[in-house]
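Content type compact mmCIF, C-alpha atoms, from the file start19.txt:
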```
# COMPACT_ATOMS: atom_id res chain seq x y z
CA MET A 573 13.84 26.90 22.75
CA ALA A 574 16.15 24.64 20.80
CA GLY A 575 14.39 22.32 18.39
CA PRO A 576 15.07 18.71 17.44
CA VAL A 577 17.54 17.46 14.86
CA LEU A 578 15.78 16.90 11.53
CA ILE A 579 17.28 14.15 9.37
CA PHE A 580 16.36 14.11 5.68
CA ASP A 581 16.91 11.47 3.01
CA SER A 582 15.16 10.16 -0.08
CA GLY A 583 14.43 6.92 1.79
CA VAL A 584 15.57 5.02 4.88
CA GLY A 585 19.32 5.52 4.40
CA GLY A 586 19.40 8.42 6.82
CA LEU A 587 18.59 5.98 9.61
CA SER A 588 22.26 4.97 9.57
CA VAL A 589 23.07 8.63 10.26
CA ALA A 590 20.38 8.76 12.95
CA ARG A 591 22.12 5.83 14.63
CA SER A 592 25.43 7.73 14.70
CA LEU A 593 23.72 10.87 15.99
CA ARG A 594 22.11 8.91 18.83
CA GLN A 595 25.48 7.47 19.77
CA HIS A 596 26.92 10.99 20.06
CA PHE A 597 23.79 12.70 21.46
CA PRO A 598 21.70 10.03 23.22
CA ASP A 599 19.34 12.58 24.79
CA ALA A 600 18.72 14.75 21.70
CA ALA A 601 15.25 14.87 20.19
CA MET A 602 15.12 13.85 16.53
CA CYS A 603 12.68 13.88 13.62
CA TYR A 604 13.04 12.17 10.26
CA ALA A 605 11.75 13.10 6.83
CA CYS A 606 12.04 11.05 3.66
CA ASP A 607 10.88 11.74 0.13
CA ASN A 608 9.91 8.14 -0.57
CA ALA A 609 7.52 9.27 -3.32
CA TRP A 610 10.57 10.20 -5.44
CA MET A 611 13.01 7.53 -4.26
CA PRO A 612 15.53 6.64 -5.73
CA TYR A 613 16.95 10.08 -6.38
CA GLY A 614 19.76 8.86 -8.63
CA LEU A 615 17.37 8.41 -11.55
CA ARG A 616 16.09 12.02 -11.61
CA ASP A 617 17.44 14.97 -13.58
CA ASP A 618 19.48 17.43 -11.53
CA VAL A 619 17.47 20.63 -12.03
CA THR A 620 14.09 19.10 -11.19
CA LEU A 621 15.52 17.11 -8.31
CA SER A 622 17.26 20.10 -6.74
CA ALA A 623 14.00 22.07 -6.66
CA ARG A 624 12.18 19.06 -5.23
CA ILE A 625 14.70 18.61 -2.42
CA VAL A 626 14.39 22.23 -1.37
CA ALA A 627 10.58 22.03 -1.41
CA VAL A 628 10.45 18.83 0.64
CA CYS A 629 12.96 20.10 3.19
CA GLN A 630 11.11 23.40 3.56
CA ALA A 631 7.90 21.49 4.29
CA ALA A 632 9.69 19.22 6.75
CA VAL A 633 11.28 22.16 8.57
CA GLN A 634 7.88 23.83 8.82
CA ALA A 635 6.38 20.67 10.29
CA CYS A 636 9.23 19.78 12.63
CA GLN A 637 10.60 23.20 13.71
CA PRO A 638 14.15 21.83 14.10
CA SER A 639 17.32 23.52 15.28
CA VAL A 640 19.42 21.90 12.52
CA LEU A 641 18.78 20.02 9.28
CA VAL A 642 20.97 17.03 8.41
CA VAL A 643 20.82 16.14 4.72
CA ALA A 644 21.69 12.46 5.06
CA CYS A 645 21.96 11.83 1.34
CA ASN A 646 24.99 12.23 -0.91
CA THR A 647 22.94 13.04 -4.02
CA ALA A 648 20.83 15.65 -2.26
CA SER A 649 23.89 17.19 -0.65
CA THR A 650 25.85 17.60 -3.87
CA LEU A 651 22.82 19.09 -5.64
CA ALA A 652 20.94 21.20 -3.15
CA LEU A 653 23.04 22.32 -0.18
CA ASP A 654 23.48 25.85 -1.52
CA GLY A 655 19.78 26.14 -2.31
CA LEU A 656 18.80 24.82 1.13
CA ARG A 657 21.12 27.21 2.93
CA LYS A 658 19.62 30.12 1.02
CA ALA A 659 16.04 28.98 1.64
CA LEU A 660 16.33 28.10 5.35
CA THR A 661 17.34 30.07 8.43
CA ILE A 662 18.69 27.06 10.37
CA PRO A 663 22.10 25.39 9.91
CA VAL A 664 22.25 22.67 7.25
CA VAL A 665 24.74 19.78 7.47
CA GLY A 666 25.41 17.78 4.31
CA THR A 667 26.85 14.36 3.53
CA VAL A 668 29.86 13.55 1.36
CA PRO A 669 31.61 10.23 0.72
CA ALA A 670 34.16 9.50 3.46
CA ILE A 671 37.18 9.63 1.14
CA LYS A 672 39.35 11.64 3.52
CA PRO A 673 39.10 9.30 6.56
CA ALA A 674 39.45 6.28 4.28
CA ALA A 675 42.70 7.61 2.85
CA ALA A 676 43.96 8.30 6.37
CA ILE A 677 43.70 4.65 7.42
CA SER A 678 44.35 2.70 4.21
CA ARG A 679 47.70 0.93 4.27
CA THR A 680 47.52 -0.75 0.87
CA ARG A 681 46.49 2.59 -0.73
CA HIS A 682 43.73 0.80 -2.64
CA ILE A 683 40.29 2.04 -1.61
CA GLY A 684 36.90 0.89 -2.82
CA LEU A 685 34.11 3.42 -3.26
CA LEU A 686 30.72 1.73 -3.08
CA ALA A 687 28.03 4.27 -3.96
CA THR A 688 25.15 5.02 -6.27
CA ARG A 689 25.75 5.76 -9.93
CA ALA A 690 25.02 9.43 -9.32
CA THR A 691 27.59 9.77 -6.53
CA VAL A 692 30.29 7.74 -8.30
CA GLY A 693 30.12 10.06 -11.31
CA ARG A 694 29.80 13.41 -9.55
CA PRO A 695 32.59 15.98 -10.09
CA TYR A 696 32.42 16.64 -6.35
CA THR A 697 33.49 13.04 -5.69
CA GLN A 698 36.42 13.43 -8.05
CA LYS A 699 37.49 16.61 -6.23
CA LEU A 700 37.45 14.73 -2.90
CA ILE A 701 39.66 12.04 -4.40
CA GLU A 702 42.08 14.57 -5.85
CA SER A 703 42.23 16.51 -2.57
CA PHE A 704 42.56 13.68 -0.07
CA ALA A 705 43.44 10.43 -1.88
CA SER A 706 45.57 11.41 -4.86
CA ASP A 707 48.14 8.75 -3.95
CA CYS A 708 45.52 5.98 -3.78
CA ILE A 709 43.93 3.68 -6.28
CA ILE A 710 40.17 4.26 -6.06
CA THR A 711 37.97 1.51 -7.43
CA ARG A 712 34.52 3.02 -7.94
CA VAL A 713 31.53 0.70 -7.97
CA ALA A 714 27.99 1.88 -8.72
CA ALA A 715 25.74 -0.29 -6.57
CA ASP A 716 22.28 1.26 -6.88
CA LYS A 717 20.56 -2.09 -6.24
CA LEU A 718 21.86 -2.03 -2.66
CA VAL A 719 19.56 0.93 -1.99
CA LEU A 720 16.57 -1.32 -2.68
CA GLU A 721 18.07 -4.05 -0.50
CA ALA A 722 18.33 -1.61 2.43
CA GLU A 723 14.77 -0.39 1.87
CA ALA A 724 13.55 -3.99 1.83
CA LEU A 725 15.50 -4.74 5.02
CA LEU A 726 13.64 -2.00 6.86
CA GLY A 727 10.43 -3.54 5.56
CA GLY A 728 11.34 -6.85 7.20
CA ILE A 729 12.90 -8.66 4.20
CA SER A 730 16.40 -10.09 4.63
CA PRO A 731 18.97 -8.92 2.06
CA ASN A 732 19.52 -11.06 -1.02
CA THR A 733 23.05 -12.39 -0.56
CA GLU A 734 23.51 -13.07 -4.27
CA ARG A 735 22.69 -9.44 -5.17
CA LEU A 736 25.04 -8.18 -2.49
CA GLN A 737 27.82 -10.41 -3.79
CA GLN A 738 27.26 -9.19 -7.36
CA ALA A 739 27.58 -5.60 -6.17
CA LEU A 740 30.78 -6.31 -4.29
CA SER A 741 32.51 -8.54 -6.84
CA PRO A 742 34.11 -5.65 -8.84
CA LEU A 743 35.96 -4.65 -5.66
CA TRP A 744 37.45 -8.08 -5.14
CA GLN A 745 38.31 -8.43 -8.84
CA ALA A 746 40.18 -5.11 -8.71
CA ALA A 747 42.05 -6.33 -5.63
CA ASP A 748 43.87 -9.04 -7.60
CA THR A 749 46.78 -6.71 -8.33
CA GLN A 750 46.73 -4.62 -5.14
CA PRO A 751 44.59 -5.52 -2.09
CA VAL A 752 41.59 -3.37 -1.18
CA ASP A 753 41.79 -2.81 2.58
CA THR A 754 39.24 0.02 2.94
CA VAL A 755 35.78 0.47 1.44
CA VAL A 756 33.87 3.75 1.57
CA LEU A 757 30.14 3.24 1.95
CA GLY A 758 29.24 6.27 -0.15
CA CYS A 759 25.48 6.03 0.27
CA THR A 760 23.79 6.32 3.65
CA HIS A 761 21.65 3.26 2.86
CA PHE A 762 24.70 1.01 2.71
CA PRO A 763 25.75 1.02 6.41
CA LEU A 764 22.37 -0.58 7.17
CA LEU A 765 23.68 -3.60 5.24
CA LYS A 766 27.13 -3.62 6.85
CA PRO A 767 26.82 -6.95 8.73
CA TRP A 768 26.00 -8.72 5.45
CA LEU A 769 28.72 -6.88 3.52
CA GLU A 770 31.31 -7.79 6.14
CA ALA A 771 30.32 -11.43 5.94
CA LEU A 772 30.85 -11.46 2.17
CA ALA A 773 34.31 -9.88 2.18
CA PRO A 774 37.03 -12.43 1.34
CA THR A 775 39.56 -10.63 3.57
CA PRO A 776 39.25 -8.17 6.50
CA VAL A 777 38.23 -4.71 5.27
CA ASN A 778 37.75 -1.31 6.93
CA TRP A 779 34.19 -0.18 6.14
CA ILE A 780 33.97 3.62 6.39
CA ASP A 781 30.84 5.78 6.31
CA SER A 782 30.04 9.42 7.04
CA GLY A 783 27.90 8.98 10.16
CA ASP A 784 30.46 9.95 12.81
CA ALA A 785 31.71 12.95 10.82
CA ILE A 786 28.15 14.21 10.43
CA ALA A 787 27.48 13.81 14.15
CA ARG A 788 30.64 15.74 15.05
CA ARG A 789 29.65 18.53 12.68
CA VAL A 790 26.18 18.76 14.21
CA GLY A 791 27.79 19.14 17.63
CA GLN A 792 29.96 21.97 16.33
CA ILE A 793 27.23 24.06 14.71
CA ALA A 794 24.27 23.22 16.96
CA PRO A 795 25.75 22.74 20.44
CA VAL A 796 22.37 23.33 22.14
CA LEU A 797 19.94 20.60 21.11
CA LYS A 798 16.47 19.95 22.43
CA ASN A 799 16.51 17.00 24.80
CA GLY A 800 13.79 14.40 25.14
CA GLN A 801 11.92 12.10 22.83
CA ASP A 802 10.28 13.25 19.62
CA GLY A 803 10.04 10.27 17.33
CA ARG A 804 8.10 11.79 14.44
CA PHE A 805 8.84 10.66 10.91
CA PHE A 806 7.44 12.34 7.83
CA THR A 807 7.01 10.74 4.42
CA THR A 808 5.76 11.95 1.05
CA ALA A 809 4.10 8.62 0.19
CA SER A 810 2.71 5.67 2.11
CA ALA A 811 5.21 4.08 4.49
CA ASP A 812 3.01 1.31 5.89
CA THR A 813 5.64 -1.37 5.32
CA LEU A 814 8.40 0.70 6.95
CA GLY A 815 6.77 1.54 10.26
CA GLN A 816 8.38 -1.31 12.18
CA GLY A 817 11.78 -0.51 10.69
CA PHE A 818 11.53 3.17 11.66
CA ALA A 819 10.47 2.17 15.15
CA GLN A 820 13.72 0.22 15.59
CA TYR A 821 15.53 3.55 15.29
CA GLY A 822 13.22 5.45 17.63
CA PHE A 823 10.84 6.99 15.07
CA CYS A 824 7.36 5.79 16.01
CA ILE A 825 5.00 8.63 15.05
CA PRO A 826 4.24 8.66 11.31
CA SER A 827 2.87 11.65 9.41
CA ARG A 828 2.35 12.49 5.75
CA LEU A 829 4.29 15.52 4.60
CA GLU A 830 2.18 18.02 2.67
CA LEU A 831 3.99 20.09 0.08
CA SER A 832 2.68 23.47 -0.98
CA ALA A 833 1.46 23.60 -4.58
```

Let me see whether you can do it: turn the structure in this file into structure tokens.
Amino acid sequence: MAGPVLIFDSGVGGLSVARSLRQHFPDAAMCYACDNAWMPYGLRDDVTLSARIVAVCQAAVQACQPSVLVVACNTASTLALDGLRKALTIPVVGTVPAIKPAAAISRTRHIGLLATRATVGRPYTQKLIESFASDCIITRVAADKLVLEAEALLGGISPNTERLQQALSPLWQAADTQPVDTVVLGCTHFPLLKPWLEALAPTPVNWIDSGDAIARRVGQIAPVLKNGQDGRFFTTASADTLGQGFAQYGFCIPSRLELSA
């Protein structure tokens, strides 16, 4: 029997991907796993973090018995996709910044990349830019504090507008010479803040994330998905303050994820 879709992230960012998946597959069963004990991932060293991601995902797959794993985290994807695909027998879908679709729609050819420090500096990100947006100006902005704003939002705390504006200001400053008309939300946490980001933009902007591309890829490699409700979400640390936020996205059954020693 086909299993549910398992979505993995360091924190709540993968809920933006879950939202896209539900739009494409409204009847598919889904589980969620987050390594909130180690969040944020961007502050960890690569070797240790890669091993940790594989261990957490193996435990989540054992607990959930999914048909496909969606790694809804740019950092985890760039570090551990190869290791996950070697360790698991199910398909694994990763996440990359949506540089290609952004370049396809930008008319001013000036694109903002709003991401974590780790993603902004990854060689993989540079390869995407060279492959799909070589004729564009790319203004990269490391906005790690927005991760905490998204986590707080799911805990019931409204985003701090001043912090959001500080994160966005480098984009608007760079637009003085050539307008930024498209911004890539290069962290899955950031689409959760999209209504607030839109409100702070001085001019209309296309906000692009990876959710739809991930959903299409899931449909390609796992065409038979288990239907019906599942609603389990697994965490590696207490998630008492996040329960209501998870419930808004259909994940109502909490469980602590136990990693093997």

- prompt: From the set A:Ile780, A:Thr807, A:Gly817, A:His596, which residue has the shortest atom-to-atom contact distance to Ala631 of chain A, counting all atoms listed in the file?
  reply: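 Checking each candidate against Ala631 of chain A, we get A:Thr807 as the closest.
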
Pull the closest atom pair for each residue of segment 607-658 of chain A that gets at most 10 Å from segment 797-801 of chain A, along with the distance in Å to one decimal, counting all atoms listed in the file, ordering rows by chain and then ascending residue number, as CSV.
```
residue,atom,partner,partner_atom,distance
A:Pro638,CA,A:Lys798,CA,8.8
A:Ser639,CA,A:Leu797,CA,7.0
A:Val640,CA,A:Leu797,CA,8.7
```

- request: Would you mind reading off the distance between atom CA of Gly728 of chain A and atom CA of Ala714 of chain A, one decimal, in Å?
  value: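 According to the coordinates, atom CA of Gly728 of chain A and atom CA of Ala714 of chain A are separated by 24.6 Å.
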
task: For segment 644-653 of chain A, list every protein, DNA or RNA residue within 10 Å, evaluated using all atoms listed in the file, and leave out those in the same chain fewer than 3 positions away; present the list as a PyMOL selection string.
output: chain A and resi 578-590+606+612-614+618-619+621-626+641+656-659+664-669+687-691+694-697+758-761+782-783+786

task: Go ahead and compute the interatomic distance for atom CA of Val642 of chain A and atom CA of Asp784 of chain A, in Å to one decimal.
output: 12.6 Å

message: Neighbouring residues of Pro673 of chain A were defined as those with any atom within 10 Å, considering only C-alpha atoms; residues of the same chain fewer than 6 positions away were excluded. Please report them as an NGL selection string.
response: :A and (704-705 or 754 or 756 or 780-782 or 785)

- prompt: Quick one, how far is atom CA of Gly684 of chain A from atom CA of Val713 of chain A?
  reply: 7.4 Å

Per-axis box centre and lengths in Å around segment 606-616 of chain A, 4 Å margin per side, axis-aligned, as JSON:
```
{"center_x": 13.6, "center_y": 9.3, "center_z": -4.0, "size_x": 20.2, "size_y": 13.4, "size_z": 23.3}
```

query: From the list A:Ala809, A:Leu725, A:Leu685, A:Val777, which residue is nearest Ala739 of chain A when using all atoms listed in the file?
result: A:Leu685

query: Of the residues A:Ala773, A:Gln698, A:Leu736, A:Ala722, which is the one nearest to Pro751 of chain A, using all atoms listed in the file?
result: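 Result for the nearest residue to Pro751 of chain A: A:Ala773.
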
message: Between A:Val796, A:Ala811, A:Ala670, A:Leu829, which residue has the minimum interatomic distance to Asp599 of chain A, considering all atoms listed in the file?
response: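 Comparing A:Val796, A:Ala811, A:Ala670, A:Leu829 against Asp599 of chain A, the winner is A:Val796.
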
- prompt: Which residue, A:Ala627, A:Ala675, A:Leu740, A:Leu593, has the smallest gap to Asp607 of chain A when you use all atoms listed in the file?
  reply: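 For Asp607 of chain A, the nearest of the candidates is A:Ala627.
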
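Every protein or nucleic acid residue with an atom no more than 10 Å from Arg591 of chain A, counting only C-alpha atoms and leaving out same-chain residues fewer than 6 positions away, appears here: Phe597, Pro598, Leu764, Gly783, Asp784, Ala787, Tyr821 and Gly822 of chain A.
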
field: Proximity to Lys766 of chain A - best of A:Leu814, A:Leu686, A:Ala819, A:Val692, all atoms listed in the file
entry: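 Result for the nearest residue to Lys766 of chain A: A:Leu686.
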
task: Excluding Ala746 of chain A and residues on its chain fewer than 6 positions from it, collect all residues at most 10 Å away from it, counting all atoms listed in the file, and give them as a PyMOL selection string.
output: chain A and resi 682+684+709-712+752
